[in-house]
$ cat my_file_38.cif   # mmCIF, C-alpha atoms and all ligand atoms
data_structure
#
loop_
_atom_site.group_PDB
_atom_site.id
_atom_site.type_symbol
_atom_site.label_atom_id
_atom_site.label_comp_id
_atom_site.auth_asym_id
_atom_site.auth_seq_id
_atom_site.Cartn_x
_atom_site.Cartn_y
_atom_site.Cartn_z
ATOM 1 C CA MET A 39 166.964 49.078 81.162
ATOM 2 C CA ALA A 40 167.267 48.460 84.926
ATOM 3 C CA HIS A 41 166.897 51.768 86.748
ATOM 4 C CA PRO A 42 166.959 54.804 84.504
ATOM 5 C CA PRO A 43 167.780 57.926 86.522
ATOM 6 C CA PRO A 44 164.691 59.935 87.468
ATOM 7 C CA VAL A 45 163.897 63.227 85.759
ATOM 8 C CA THR A 46 164.094 66.213 88.114
ATOM 9 C CA LYS A 47 164.727 69.201 85.850
ATOM 10 C CA ALA A 48 162.620 71.082 83.349
ATOM 11 C CA VAL A 49 163.997 73.383 80.667
ATOM 12 C CA ILE A 50 161.707 76.066 79.268
ATOM 13 C CA PRO A 51 163.011 77.860 76.178
ATOM 14 C CA ALA A 52 161.687 81.427 76.278
ATOM 15 C CA ALA A 53 164.094 83.359 74.102
ATOM 16 C CA GLY A 54 161.927 83.969 71.023
ATOM 17 C CA LEU A 55 161.238 87.486 69.815
ATOM 18 C CA GLY A 56 157.458 87.134 69.614
ATOM 19 C CA THR A 57 157.171 88.518 66.089
ATOM 20 C CA ARG A 58 153.619 87.148 65.751
ATOM 21 C CA PHE A 59 152.417 89.512 68.485
ATOM 22 C CA VAL A 60 153.956 92.847 67.579
ATOM 23 C CA PRO A 61 153.463 95.562 68.705
ATOM 24 C CA ALA A 62 152.537 93.995 72.106
ATOM 25 C CA THR A 63 155.889 92.232 72.216
ATOM 26 C CA LYS A 64 157.996 95.257 71.309
ATOM 27 C CA ALA A 65 158.873 95.879 74.960
ATOM 28 C CA MET A 66 157.304 92.851 76.669
ATOM 29 C CA PRO A 67 158.142 89.140 76.391
ATOM 30 C CA LYS A 68 155.459 87.179 74.535
ATOM 31 C CA GLU A 69 155.524 84.667 77.379
ATOM 32 C CA MET A 70 153.990 87.345 79.627
ATOM 33 C CA LEU A 71 150.830 87.721 77.524
ATOM 34 C CA PRO A 72 148.043 87.066 80.024
ATOM 35 C CA VAL A 73 145.422 84.373 79.771
ATOM 36 C CA ILE A 74 142.878 86.496 81.652
ATOM 37 C CA ASP A 75 145.074 87.458 84.628
ATOM 38 C CA THR A 76 147.888 84.917 84.538
ATOM 39 C CA PRO A 77 150.853 85.057 82.140
ATOM 40 C CA ALA A 78 150.854 82.102 79.746
ATOM 41 C CA ILE A 79 154.330 81.104 80.929
ATOM 42 C CA GLN A 80 153.044 80.593 84.492
ATOM 43 C CA TYR A 81 150.815 77.767 83.278
ATOM 44 C CA VAL A 82 153.867 76.135 81.715
ATOM 45 C CA VAL A 83 155.901 76.377 84.929
ATOM 46 C CA GLU A 84 152.896 75.019 86.881
ATOM 47 C CA GLU A 85 152.715 72.103 84.443
ATOM 48 C CA ALA A 86 156.360 71.224 85.130
ATOM 49 C CA ALA A 87 155.889 71.534 88.900
ATOM 50 C CA ALA A 88 152.707 69.409 88.825
ATOM 51 C CA ALA A 89 154.784 66.619 87.257
ATOM 52 C CA GLY A 90 157.286 66.920 90.124
ATOM 53 C CA LEU A 91 159.843 68.944 88.164
ATOM 54 C CA THR A 92 160.433 71.875 90.494
ATOM 55 C CA ASN A 93 163.938 72.641 89.244
ATOM 56 C CA VAL A 94 163.150 74.864 86.277
ATOM 57 C CA LEU A 95 165.706 76.421 83.954
ATOM 58 C CA MET A 96 164.400 79.089 81.655
ATOM 59 C CA VAL A 97 166.417 79.948 78.564
ATOM 60 C CA THR A 98 165.851 83.652 78.036
ATOM 61 C CA ALA A 99 167.331 86.504 76.022
ATOM 62 C CA ARG A 100 167.353 90.286 75.926
ATOM 63 C CA ASN A 101 164.040 91.964 76.883
ATOM 64 C CA LYS A 102 162.950 89.031 79.053
ATOM 65 C CA ALA A 103 163.610 90.484 82.517
ATOM 66 C CA ASN A 104 159.865 90.678 83.251
ATOM 67 C CA ILE A 105 159.746 86.898 83.314
ATOM 68 C CA GLU A 106 162.322 86.749 86.107
ATOM 69 C CA ASP A 107 160.457 89.436 88.035
ATOM 70 C CA HIS A 108 157.206 87.512 87.724
ATOM 71 C CA PHE A 109 158.610 84.400 89.408
ATOM 72 C CA ASP A 110 160.330 86.437 92.135
ATOM 73 C CA ARG A 111 158.858 88.123 95.232
ATOM 74 C CA ASN A 112 157.557 91.695 94.866
ATOM 75 C CA ILE A 113 157.744 92.964 98.439
ATOM 76 C CA GLU A 114 156.498 96.465 97.635
ATOM 77 C CA LEU A 115 153.341 95.145 95.969
ATOM 78 C CA GLU A 116 152.868 92.593 98.765
ATOM 79 C CA GLU A 117 152.915 95.415 101.340
ATOM 80 C CA VAL A 118 150.359 97.439 99.399
ATOM 81 C CA LEU A 119 147.997 94.465 99.001
ATOM 82 C CA GLU A 120 148.454 93.564 102.672
ATOM 83 C CA ALA A 121 147.597 97.113 103.765
ATOM 84 C CA LYS A 122 144.463 96.972 101.608
ATOM 85 C CA GLY A 123 143.488 93.620 103.110
ATOM 86 C CA ASP A 124 143.470 92.023 99.648
ATOM 87 C CA GLU A 125 144.161 88.443 100.738
ATOM 88 C CA ASP A 126 143.426 86.887 97.343
ATOM 89 C CA GLY A 127 145.677 89.291 95.471
ATOM 90 C CA LEU A 128 148.438 88.764 98.011
ATOM 91 C CA ALA A 129 148.153 84.970 97.751
ATOM 92 C CA SER A 130 148.248 85.129 93.957
ATOM 93 C CA ILE A 131 151.423 87.196 93.721
ATOM 94 C CA ARG A 132 153.148 85.072 96.379
ATOM 95 C CA ALA A 133 152.090 81.866 94.649
ATOM 96 C CA SER A 134 153.920 82.657 91.426
ATOM 97 C CA SER A 135 157.194 83.010 93.344
ATOM 98 C CA GLU A 136 156.713 79.648 95.053
ATOM 99 C CA ILE A 137 155.838 77.317 92.168
ATOM 100 C CA ALA A 138 159.360 76.145 91.427
ATOM 101 C CA SER A 139 163.022 76.816 92.009
ATOM 102 C CA MET A 140 163.767 79.062 89.041
ATOM 103 C CA HIS A 141 167.071 79.322 87.195
ATOM 104 C CA TYR A 142 167.944 81.349 84.128
ATOM 105 C CA VAL A 143 170.467 81.177 81.347
ATOM 106 C CA ARG A 144 170.617 83.419 78.306
ATOM 107 C CA GLN A 145 170.773 82.427 74.693
ATOM 108 C CA GLY A 146 172.928 85.208 73.288
ATOM 109 C CA GLN A 147 172.044 84.622 69.647
ATOM 110 C CA PRO A 148 168.766 83.364 68.156
ATOM 111 C CA LEU A 149 170.238 80.220 66.598
ATOM 112 C CA GLY A 150 167.167 78.025 67.035
ATOM 113 C CA LEU A 151 165.332 75.803 69.494
ATOM 114 C CA GLY A 152 168.033 73.131 69.436
ATOM 115 C CA HIS A 153 170.636 75.746 70.325
ATOM 116 C CA ALA A 154 168.414 77.073 73.138
ATOM 117 C CA VAL A 155 168.217 73.558 74.597
ATOM 118 C CA LEU A 156 171.999 73.219 74.274
ATOM 119 C CA CYS A 157 172.334 76.363 76.440
ATOM 120 C CA ALA A 158 170.882 74.205 79.265
ATOM 121 C CA ALA A 159 173.657 71.583 79.079
ATOM 122 C CA GLN A 160 175.718 72.848 82.001
ATOM 123 C CA HIS A 161 172.722 73.219 84.304
ATOM 124 C CA VAL A 162 171.237 69.842 83.385
ATOM 125 C CA GLY A 163 174.443 67.770 83.467
ATOM 126 C CA ASN A 164 174.290 64.074 82.635
ATOM 127 C CA GLU A 165 170.609 63.560 83.529
ATOM 128 C CA PRO A 166 167.445 63.155 81.523
ATOM 129 C CA PHE A 167 165.330 66.323 81.525
ATOM 130 C CA ALA A 168 162.038 67.651 80.283
ATOM 131 C CA VAL A 169 161.614 70.450 77.736
ATOM 132 C CA LEU A 170 158.392 72.477 77.764
ATOM 133 C CA LEU A 171 157.868 75.047 75.033
ATOM 134 C CA GLY A 172 156.161 78.222 76.136
ATOM 135 C CA ASP A 173 153.831 78.643 73.155
ATOM 136 C CA ASP A 174 151.279 76.202 74.415
ATOM 137 C CA PHE A 175 150.207 74.558 77.593
ATOM 138 C CA ILE A 176 148.322 71.426 78.518
ATOM 139 C CA ASP A 177 145.156 71.402 80.613
ATOM 140 C CA ALA A 178 146.070 70.730 84.241
ATOM 141 C CA ARG A 179 143.524 67.862 84.257
ATOM 142 C CA ASP A 180 145.343 66.013 81.454
ATOM 143 C CA LYS A 181 148.556 64.638 82.917
ATOM 144 C CA LEU A 182 150.618 64.522 79.749
ATOM 145 C CA LEU A 183 154.032 65.249 81.242
ATOM 146 C CA GLN A 184 153.489 62.735 84.056
ATOM 147 C CA ARG A 185 152.637 60.106 81.444
ATOM 148 C CA MET A 186 155.758 60.985 79.429
ATOM 149 C CA LEU A 187 157.905 60.551 82.545
ATOM 150 C CA GLU A 188 156.355 57.110 83.139
ATOM 151 C CA VAL A 189 157.046 56.151 79.532
ATOM 152 C CA ARG A 190 160.648 57.314 79.868
ATOM 153 C CA GLN A 191 161.006 55.073 82.959
ATOM 154 C CA GLN A 192 159.649 52.151 80.963
ATOM 155 C CA TYR A 193 161.317 52.667 77.576
ATOM 156 C CA GLY A 194 164.348 54.857 78.367
ATOM 157 C CA GLY A 195 165.721 57.169 75.671
ATOM 158 C CA SER A 196 163.831 60.296 74.702
ATOM 159 C CA ILE A 197 160.079 60.845 74.613
ATOM 160 C CA VAL A 198 158.041 63.344 72.590
ATOM 161 C CA ALA A 199 154.347 64.184 72.803
ATOM 162 C CA LEU A 200 152.355 63.657 69.606
ATOM 163 C CA MET A 201 148.922 64.891 68.538
ATOM 164 C CA GLU A 202 147.036 64.016 65.381
ATOM 165 C CA VAL A 203 146.030 66.981 63.211
ATOM 166 C CA GLU A 204 144.391 67.590 59.855
ATOM 167 C CA PRO A 205 146.926 66.992 57.023
ATOM 168 C CA GLU A 206 146.964 70.664 55.972
ATOM 169 C CA LEU A 207 148.290 71.724 59.395
ATOM 170 C CA VAL A 208 151.452 69.596 59.501
ATOM 171 C CA SER A 209 153.757 72.136 57.874
ATOM 172 C CA ALA A 210 153.837 74.265 61.041
ATOM 173 C CA TYR A 211 155.263 71.443 63.176
ATOM 174 C CA GLY A 212 157.748 68.660 63.585
ATOM 175 C CA VAL A 213 156.141 65.477 62.212
ATOM 176 C CA ALA A 214 156.890 61.889 63.272
ATOM 177 C CA SER A 215 157.101 58.616 61.414
ATOM 178 C CA ILE A 216 155.720 56.089 63.886
ATOM 179 C CA LYS A 217 155.166 52.407 64.507
ATOM 180 C CA PRO A 218 153.061 50.843 67.257
ATOM 181 C CA THR A 219 154.373 49.284 70.461
ATOM 182 C CA ASP A 220 152.651 46.936 72.906
ATOM 183 C CA THR A 221 151.426 49.976 74.822
ATOM 184 C CA GLU A 222 148.283 51.566 73.358
ATOM 185 C CA ASP A 223 149.349 55.221 73.745
ATOM 186 C CA VAL A 224 153.059 54.711 72.993
ATOM 187 C CA VAL A 225 154.708 54.519 69.567
ATOM 188 C CA ALA A 226 158.292 54.018 68.457
ATOM 189 C CA ILE A 227 159.581 56.906 66.359
ATOM 190 C CA THR A 228 161.570 55.936 63.304
ATOM 191 C CA ASP A 229 161.976 59.378 61.757
ATOM 192 C CA LEU A 230 161.178 63.043 62.398
ATOM 193 C CA VAL A 231 160.870 65.902 59.922
ATOM 194 C CA GLU A 232 160.760 69.575 60.904
ATOM 195 C CA LYS A 233 157.955 71.486 59.163
ATOM 196 C CA PRO A 234 157.521 69.340 56.040
ATOM 197 C CA GLN A 235 155.509 70.528 53.051
ATOM 198 C CA VAL A 236 151.913 69.343 53.041
ATOM 199 C CA GLY A 237 151.986 66.074 51.092
ATOM 200 C CA GLU A 238 155.535 65.249 52.153
ATOM 201 C CA ALA A 239 154.851 64.588 55.837
ATOM 202 C CA PRO A 240 155.450 61.038 57.058
ATOM 203 C CA SER A 241 152.162 61.122 59.060
ATOM 204 C CA ASN A 242 149.590 63.474 60.611
ATOM 205 C CA TRP A 243 151.164 63.088 64.049
ATOM 206 C CA ILE A 244 152.800 66.354 65.040
ATOM 207 C CA VAL A 245 155.251 66.999 67.844
ATOM 208 C CA VAL A 246 153.670 69.261 70.435
ATOM 209 C CA GLY A 247 155.982 71.249 72.659
ATOM 210 C CA ARG A 248 156.663 68.641 75.356
ATOM 211 C CA TYR A 249 159.774 66.453 75.379
ATOM 212 C CA VAL A 250 161.702 64.262 77.784
ATOM 213 C CA CYS A 251 165.259 64.151 76.505
ATOM 214 C CA ASP A 252 168.053 61.737 77.215
ATOM 215 C CA PRO A 253 171.246 63.696 78.020
ATOM 216 C CA ALA A 254 172.748 62.123 74.870
ATOM 217 C CA ILE A 255 170.847 64.879 73.046
ATOM 218 C CA PHE A 256 173.515 67.429 74.043
ATOM 219 C CA ASP A 257 176.335 65.709 72.150
ATOM 220 C CA VAL A 258 174.063 65.385 69.139
ATOM 221 C CA LEU A 259 173.029 69.048 69.316
ATOM 222 C CA ARG A 260 176.676 70.113 69.399
ATOM 223 C CA VAL A 261 177.151 68.673 65.921
ATOM 224 C CA THR A 262 173.681 69.310 64.480
ATOM 225 C CA LYS A 263 173.870 71.619 61.474
ATOM 226 C CA PRO A 264 171.333 74.403 60.929
ATOM 227 C CA GLY A 265 168.187 72.962 59.372
ATOM 228 C CA ARG A 266 164.757 74.396 58.564
ATOM 229 C CA GLY A 267 164.834 78.215 58.652
ATOM 230 C CA GLY A 268 168.645 78.168 58.999
ATOM 231 C CA GLU A 269 168.208 77.296 62.692
ATOM 232 C CA ILE A 270 169.584 74.450 64.804
ATOM 233 C CA GLN A 271 166.484 72.332 65.291
ATOM 234 C CA LEU A 272 165.686 70.141 68.293
ATOM 235 C CA THR A 273 163.677 67.969 65.895
ATOM 236 C CA ASP A 274 166.819 67.246 63.838
ATOM 237 C CA ALA A 275 168.786 66.159 66.914
ATOM 238 C CA LEU A 276 165.942 63.872 68.006
ATOM 239 C CA ARG A 277 165.828 62.500 64.482
ATOM 240 C CA THR A 278 169.498 61.534 64.811
ATOM 241 C CA LEU A 279 168.737 59.730 68.088
ATOM 242 C CA ALA A 280 165.697 58.019 66.566
ATOM 243 C CA ARG A 281 167.547 56.851 63.469
ATOM 244 C CA THR A 282 170.802 55.893 65.190
ATOM 245 C CA ASP A 283 168.807 53.488 67.280
ATOM 246 C CA ARG A 284 167.537 51.718 64.168
ATOM 247 C CA SER A 285 170.826 51.042 62.491
ATOM 248 C CA GLU A 286 172.523 47.934 63.817
ATOM 249 C CA GLY A 287 176.041 48.438 65.048
ATOM 250 C CA ALA A 288 175.879 52.232 64.941
ATOM 251 C CA ARG A 289 173.754 52.426 68.060
ATOM 252 C CA GLN A 290 174.576 55.338 70.331
ATOM 253 C CA ASP A 291 173.623 55.442 73.980
ATOM 254 C CA GLY A 292 170.721 57.763 73.290
ATOM 255 C CA GLY A 293 168.261 54.896 73.661
ATOM 256 C CA GLY A 294 165.957 55.783 70.772
ATOM 257 C CA VAL A 295 162.862 57.977 70.728
ATOM 258 C CA HIS A 296 159.275 57.102 71.625
ATOM 259 C CA GLY A 297 156.109 59.124 71.280
ATOM 260 C CA VAL A 298 153.153 59.436 73.653
ATOM 261 C CA LEU A 299 149.914 59.838 71.707
ATOM 262 C CA PHE A 300 148.050 62.690 73.389
ATOM 263 C CA ARG A 301 144.338 63.228 72.864
ATOM 264 C CA GLY A 302 143.688 65.751 75.637
ATOM 265 C CA ARG A 303 143.310 69.502 75.830
ATOM 266 C CA ARG A 304 146.131 71.687 74.565
ATOM 267 C CA TYR A 305 145.948 75.468 74.619
ATOM 268 C CA ASP A 306 147.952 77.308 72.015
ATOM 269 C CA THR A 307 149.044 80.854 72.783
ATOM 270 C CA GLY A 308 151.611 81.124 69.996
ATOM 271 C CA ASN A 309 149.439 82.944 67.459
ATOM 272 C CA LYS A 310 146.624 85.477 67.654
ATOM 273 C CA LEU A 311 143.642 83.303 66.802
ATOM 274 C CA ASP A 312 144.582 80.387 69.060
ATOM 275 C CA TYR A 313 145.517 82.801 71.836
ATOM 276 C CA LEU A 314 142.108 84.424 71.675
ATOM 277 C CA GLN A 315 140.378 81.044 71.694
ATOM 278 C CA THR A 316 142.404 80.039 74.752
ATOM 279 C CA VAL A 317 141.387 83.182 76.633
ATOM 280 C CA ILE A 318 137.696 82.647 75.780
ATOM 281 C CA ARG A 319 137.781 78.963 76.738
ATOM 282 C CA PHE A 320 139.365 79.830 80.074
ATOM 283 C CA ALA A 321 136.844 82.617 80.700
ATOM 284 C CA CYS A 322 133.997 80.172 80.030
ATOM 285 C CA GLU A 323 135.369 77.772 82.657
ATOM 286 C CA ARG A 324 136.504 80.147 85.392
ATOM 287 C CA PRO A 325 134.025 80.063 88.293
ATOM 288 C CA ASP A 326 134.700 83.740 89.116
ATOM 289 C CA ILE A 327 134.076 84.907 85.542
ATOM 290 C CA ALA A 328 131.892 82.388 83.669
ATOM 291 C CA PRO A 329 128.539 83.176 85.405
ATOM 292 C CA GLU A 330 128.606 86.709 83.982
ATOM 293 C CA PHE A 331 130.762 86.142 80.922
ATOM 294 C CA VAL A 332 128.970 83.170 79.322
ATOM 295 C CA PRO A 333 125.491 84.800 79.188
ATOM 296 C CA TRP A 334 127.124 87.955 77.813
ATOM 297 C CA LEU A 335 128.988 85.953 75.175
ATOM 298 C CA ARG A 336 125.770 84.169 74.117
ATOM 299 C CA GLY A 337 123.959 87.473 73.811
ATOM 300 C CA TYR A 338 126.827 89.054 71.961
ATOM 301 C CA LEU A 339 127.039 86.208 69.425
ATOM 302 C CA ALA A 340 123.282 86.318 68.894
ATOM 303 C CA SER A 341 123.474 90.055 68.301
ATOM 304 C CA LEU A 342 126.081 89.763 65.523
ATOM 305 C CA SER A 343 124.716 90.393 62.061
ATOM 306 C CA PRO A 344 124.732 87.274 59.832
ATOM 307 C CA ASP A 345 127.649 88.788 57.884
ATOM 308 C CA ASN A 346 129.866 88.660 60.965
ATOM 309 C CA ARG A 347 128.975 85.165 62.143
HETATM 310 C C1 LIG B 1 158.671 74.065 67.552
HETATM 311 C C2 LIG B 1 159.355 72.791 67.051
HETATM 312 C C3 LIG B 1 158.367 71.923 66.283
HETATM 313 C C4 LIG B 1 157.171 71.636 67.171
HETATM 314 C C5 LIG B 1 156.528 72.947 67.652
HETATM 315 C C6 LIG B 1 155.423 72.677 68.665
HETATM 316 O O1 LIG B 1 158.350 74.866 66.428
HETATM 317 O O2 LIG B 1 160.464 73.144 66.247
HETATM 318 O O3 LIG B 1 158.976 70.726 65.908
HETATM 319 O O4 LIG B 1 156.222 70.862 66.455
HETATM 320 O O5 LIG B 1 157.508 73.776 68.302
HETATM 321 O O6 LIG B 1 154.749 73.850 68.991
HETATM 322 P P1 LIG B 1 157.999 76.447 66.561
HETATM 323 O O7 LIG B 1 156.549 76.510 66.956
HETATM 324 O O8 LIG B 1 158.901 76.994 67.616
HETATM 325 O O9 LIG B 1 158.239 77.019 65.210
#
$ encode --input "my_file_38.cif" --output "structure tokens"
Amino acid sequence: MAHPPPVTKAVIPAAGLGTRFVPATKAMPKEMLPVIDTPAIQYVVEEAAAAGLTNVLMVTARNKANIEDHFDRNIELEEVLEAKGDEDGLASIRASSEIASMHYVRQGQPLGLGHAVLCAAQHVGNEPFAVLLGDDFIDARDKLLQRMLEVRQQYGGSIVALMEVEPELVSAYGVASIKPTDTEDVVAITDLVEKPQVGEAPSNWIVVGRYVCDPAIFDVLRVTKPGRGGEIQLTDALRTLARTDRSEGARQDGGGVHGVLFRGRRYDTGNKLDYLQTVIRFACERPDIAPEFVPWLRGYLASLSPDNR
């Protein structure tokens, strides 16, 4: 492939109801749950911007207005912080409105992740684009999305991020059937299965929520039938692109699907236990919090009765 067009846009699906976090998410989007003092979704937008994707489309739904407010200016609050001389606070609330150029589209019905991505078709047009799911984010020191964009330049088609997990965990994820390429951290994907039963998964390599999609995905999504959970699955559309590429003669212009094998730090905020672990890990690394928090945490753990440890 001579010069594949560069990726400039990121799509962040954020339309889910957040049922795993009720009652907190009854009147607040789950994406706004804070990791210490920063909403989880801000880390995701920062991840896109750090990879050069400053045109961000968020796919939202009812009850998600707080997200738009967070990435907008809040002049009233700025004035109050300015009057108090709180320079740090002022910088922090301005920063979140300057990370990226934000756009929004609504997914009127919860028809699945694939349908949410299809809602981005008009904004994205005929260009490759990244998809970042809001339930997890990647450590800013581990340049996963940048690497995926490089791999897209080299291999074309669509790229997914893969992590290896224990076999009993695969049923919560999309799982890839893979074969090696000449590049150590890149595999060709020959099949994808959304949330297989343990024992039926093609491998232990799960799809984490980072994708670079060829625009061919939109035509596939338009005809993708509801799959797992009765929802239109992004995994199923990628599977079509992956498989089409294998069959001689039936090759579409999707260019196949490759995986980047990721072994870095991923923070999950999609369920209670992982969310809590993410908050604690961040607290233990934050220079403004760790010096007091870590000794407290050590003492607290030591004070727990053996039954609670
Ligand atoms: C979605 C995808 C799944 C992927 C996962 C990553 O599932 O459908 O293929 O492995 O994100 O977090 P969800 O977590 O939305 O059920």
$ residues_around --input "my_file_38.cif" --residues "Arg248 (chain A)" --least-positions-apart "2" --cutoff "6 Å" --atoms "all atoms listed in the file" --output "number ranges by chain"
A: 169-170, 199, 246
$ write_last_selection --input "my_file_38.cif" --atoms "C-alpha atoms" --output "short mmCIF file (atom, residue, chain, number, x, y, z; two decimals), in the frame of the given file"
data_model
loop_
_atom_site.label_atom_id
_atom_site.label_comp_id
_atom_site.auth_asym_id
_atom_site.auth_seq_id
_atom_site.Cartn_x
_atom_site.Cartn_y
_atom_site.Cartn_z
CA VAL A 169 161.61 70.45 77.74
CA LEU A 170 158.39 72.48 77.76
CA ALA A 199 154.35 64.18 72.80
CA VAL A 246 153.67 69.26 70.44
#
$ resolve_selection --input "my_file_38.cif" --expression "the PyMOL selection byres (((not hetatm)) within 7 of (chain B and resi 1))" --output "ChimeraX atom specification"
/A:151,171,173-174,210-213,232-233,244-247,271-273
$ resolve_selection --input "my_file_38.cif" --expression "the PyMOL selection byres (((chain A and resi 307-311) around 10) and not hetatm)" --output "PyMOL selection string"
chain A and resi 56-59+68-69+71-73+78-79+172-175+304-306+312-317
$ atom_distance --input "my_file_38.cif" --atom1 "CA of Ala89 (chain A)" --atom2 "CA of Leu230 (chain A)"
25.9 Å
$ closest_residue --input "my_file_38.cif" --among "A:Leu115, A:Ala226, A:Val143, A:Val155" --to "Ala129 (chain A)" --atoms "all atoms listed in the file"
A:Leu115
$ closest_residue --input "my_file_38.cif" --among "A:Ile176, A:Ala103, A:Met96, A:Ile113" --to "His161 (chain A)" --atoms "all atoms listed in the file"
A:Met96
$ atom_distance --input "my_file_38.cif" --atom1 "CA of Val298 (chain A)" --atom2 "CA of Arg190 (chain A)"
10.0 Å
$ closest_residue --input "my_file_38.cif" --among "A:Phe320, A:Tyr193, A:Trp243, A:Phe331" --to "Gly292 (chain A)" --atoms "all atoms listed in the file"
A:Tyr193
$ closest_residue --input "my_file_38.cif" --among "A:Leu183, A:Val45, A:Ile216, A:Val236" --to "Glu165 (chain A)" --atoms "all atoms listed in the file"
A:Val45
$ closest_residue --input "my_file_38.cif" --among "A:Ala254, A:Gly194, A:Gly297, A:Glu120" --to "Thr221 (chain A)" --atoms "only C-alpha atoms"
A:Gly297
$ closest_residue --input "my_file_38.cif" --among "A:Leu119, A:Ala168, A:Ala158, A:Val83" --to "Glu136 (chain A)" --atoms "all atoms listed in the file"
A:Val83
$ residues_around --input "my_file_38.cif" --residues "Leu276 (chain A)" --least-positions-apart "4" --cutoff "12 Å" --atoms "all atoms listed in the file" --output "PyMOL selection string"
chain A and resi 152+155+195-198+212-214+227-232+245+249-259+262+270-272+280-283+292-297
$ resolve_selection --input "my_file_38.cif" --expression "the PyMOL selection byres (((chain A and resi 203-206) around 7) and not hetatm)" --output "PDB file with C-alpha atoms, in the frame of the given file"
ATOM      1  CA  MET A 201     148.922  64.891  68.538  1.00  0.00           C
ATOM      2  CA  GLU A 202     147.036  64.016  65.381  1.00  0.00           C
ATOM      3  CA  LEU A 207     148.290  71.724  59.395  1.00  0.00           C
ATOM      4  CA  VAL A 208     151.452  69.596  59.501  1.00  0.00           C
ATOM      5  CA  VAL A 236     151.913  69.343  53.041  1.00  0.00           C
ATOM      6  CA  ASN A 242     149.590  63.474  60.611  1.00  0.00           C
ATOM      7  CA  TRP A 243     151.164  63.088  64.049  1.00  0.00           C
TER       8      TRP A 243
END
$ residues_around --input "my_file_38.cif" --residues "Glu222 (chain A)" --least-positions-apart "2" --cutoff "12 Å" --atoms "all atoms listed in the file" --output "list in words"
Val189, Lys217, Pro218, Thr219, Asp220, Val224, Val225, Ala226, Gly297, Val298, Leu299 and Phe300 of chain A
$ write_last_selection --input "my_file_38.cif" --atoms "C-alpha atoms" --output "PDB file, in the coordinates of the input"
ATOM      1  CA  VAL A 189     157.046  56.151  79.532  1.00  0.00           C
ATOM      2  CA  LYS A 217     155.166  52.407  64.507  1.00  0.00           C
ATOM      3  CA  PRO A 218     153.061  50.843  67.257  1.00  0.00           C
ATOM      4  CA  THR A 219     154.373  49.284  70.461  1.00  0.00           C
ATOM      5  CA  ASP A 220     152.651  46.936  72.906  1.00  0.00           C
ATOM      6  CA  VAL A 224     153.059  54.711  72.993  1.00  0.00           C
ATOM      7  CA  VAL A 225     154.708  54.519  69.567  1.00  0.00           C
ATOM      8  CA  ALA A 226     158.292  54.018  68.457  1.00  0.00           C
ATOM      9  CA  GLY A 297     156.109  59.124  71.280  1.00  0.00           C
ATOM     10  CA  VAL A 298     153.153  59.436  73.653  1.00  0.00           C
ATOM     11  CA  LEU A 299     149.914  59.838  71.707  1.00  0.00           C
ATOM     12  CA  PHE A 300     148.050  62.690  73.389  1.00  0.00           C
TER      13      PHE A 300
END
$ atom_distance --input "my_file_38.cif" --atom1 "CA of Ser135 (chain A)" --atom2 "CA of Met66 (chain A)"
19.4 Å
$ residues_around --input "my_file_38.cif" --residues "Glu84 (chain A)" --least-positions-apart "3" --cutoff "10 Å" --atoms "all atoms listed in the file" --output "list in words"
Ile79, Gln80, Tyr81, Ala87, Ala88, Ala89, Gly90, Leu91, Thr92, Ser134, Ile137, Ala138, Phe175 and Ala178 of chain A
$ residues_around --input "my_file_38.cif" --residues "Gly146 (chain A)" --least-positions-apart "5" --cutoff "12 Å" --atoms "all atoms listed in the file" --output "number ranges by chain"
A: 53-54, 97-101, 153-154, 157
$ build_atoms --input "my_file_38.cif" --residues "region 308-316 of chain A" --atoms "N, CA and C atoms" --output "CSV table (one decimal), in the frame of the given file"
chain,number,residue,atom,x,y,z
A,308,GLY,N,150.5,80.7,70.9
A,308,GLY,CA,151.6,81.1,70.0
A,308,GLY,C,151.2,82.0,68.8
A,309,ASN,N,149.9,82.0,68.5
A,309,ASN,CA,149.4,82.9,67.5
A,309,ASN,C,148.1,83.6,67.9
A,310,LYS,N,147.7,84.6,67.2
A,310,LYS,CA,146.6,85.5,67.7
A,310,LYS,C,145.3,84.7,67.8
A,311,LEU,N,144.9,84.0,66.8
A,311,LEU,CA,143.6,83.3,66.8
A,311,LEU,C,143.6,82.3,67.9
A,312,ASP,N,144.6,81.4,68.0
A,312,ASP,CA,144.6,80.4,69.1
A,312,ASP,C,144.7,81.0,70.5
A,313,TYR,N,145.4,82.1,70.5
A,313,TYR,CA,145.5,82.8,71.8
A,313,TYR,C,144.1,83.3,72.3
A,314,LEU,N,143.4,83.9,71.4
A,314,LEU,CA,142.1,84.4,71.7
A,314,LEU,C,141.2,83.3,72.1
A,315,GLN,N,141.2,82.2,71.4
A,315,GLN,CA,140.4,81.0,71.7
A,315,GLN,C,140.7,80.5,73.1
A,316,THR,N,142.0,80.5,73.4
A,316,THR,CA,142.4,80.0,74.8
A,316,THR,C,141.8,80.9,75.8
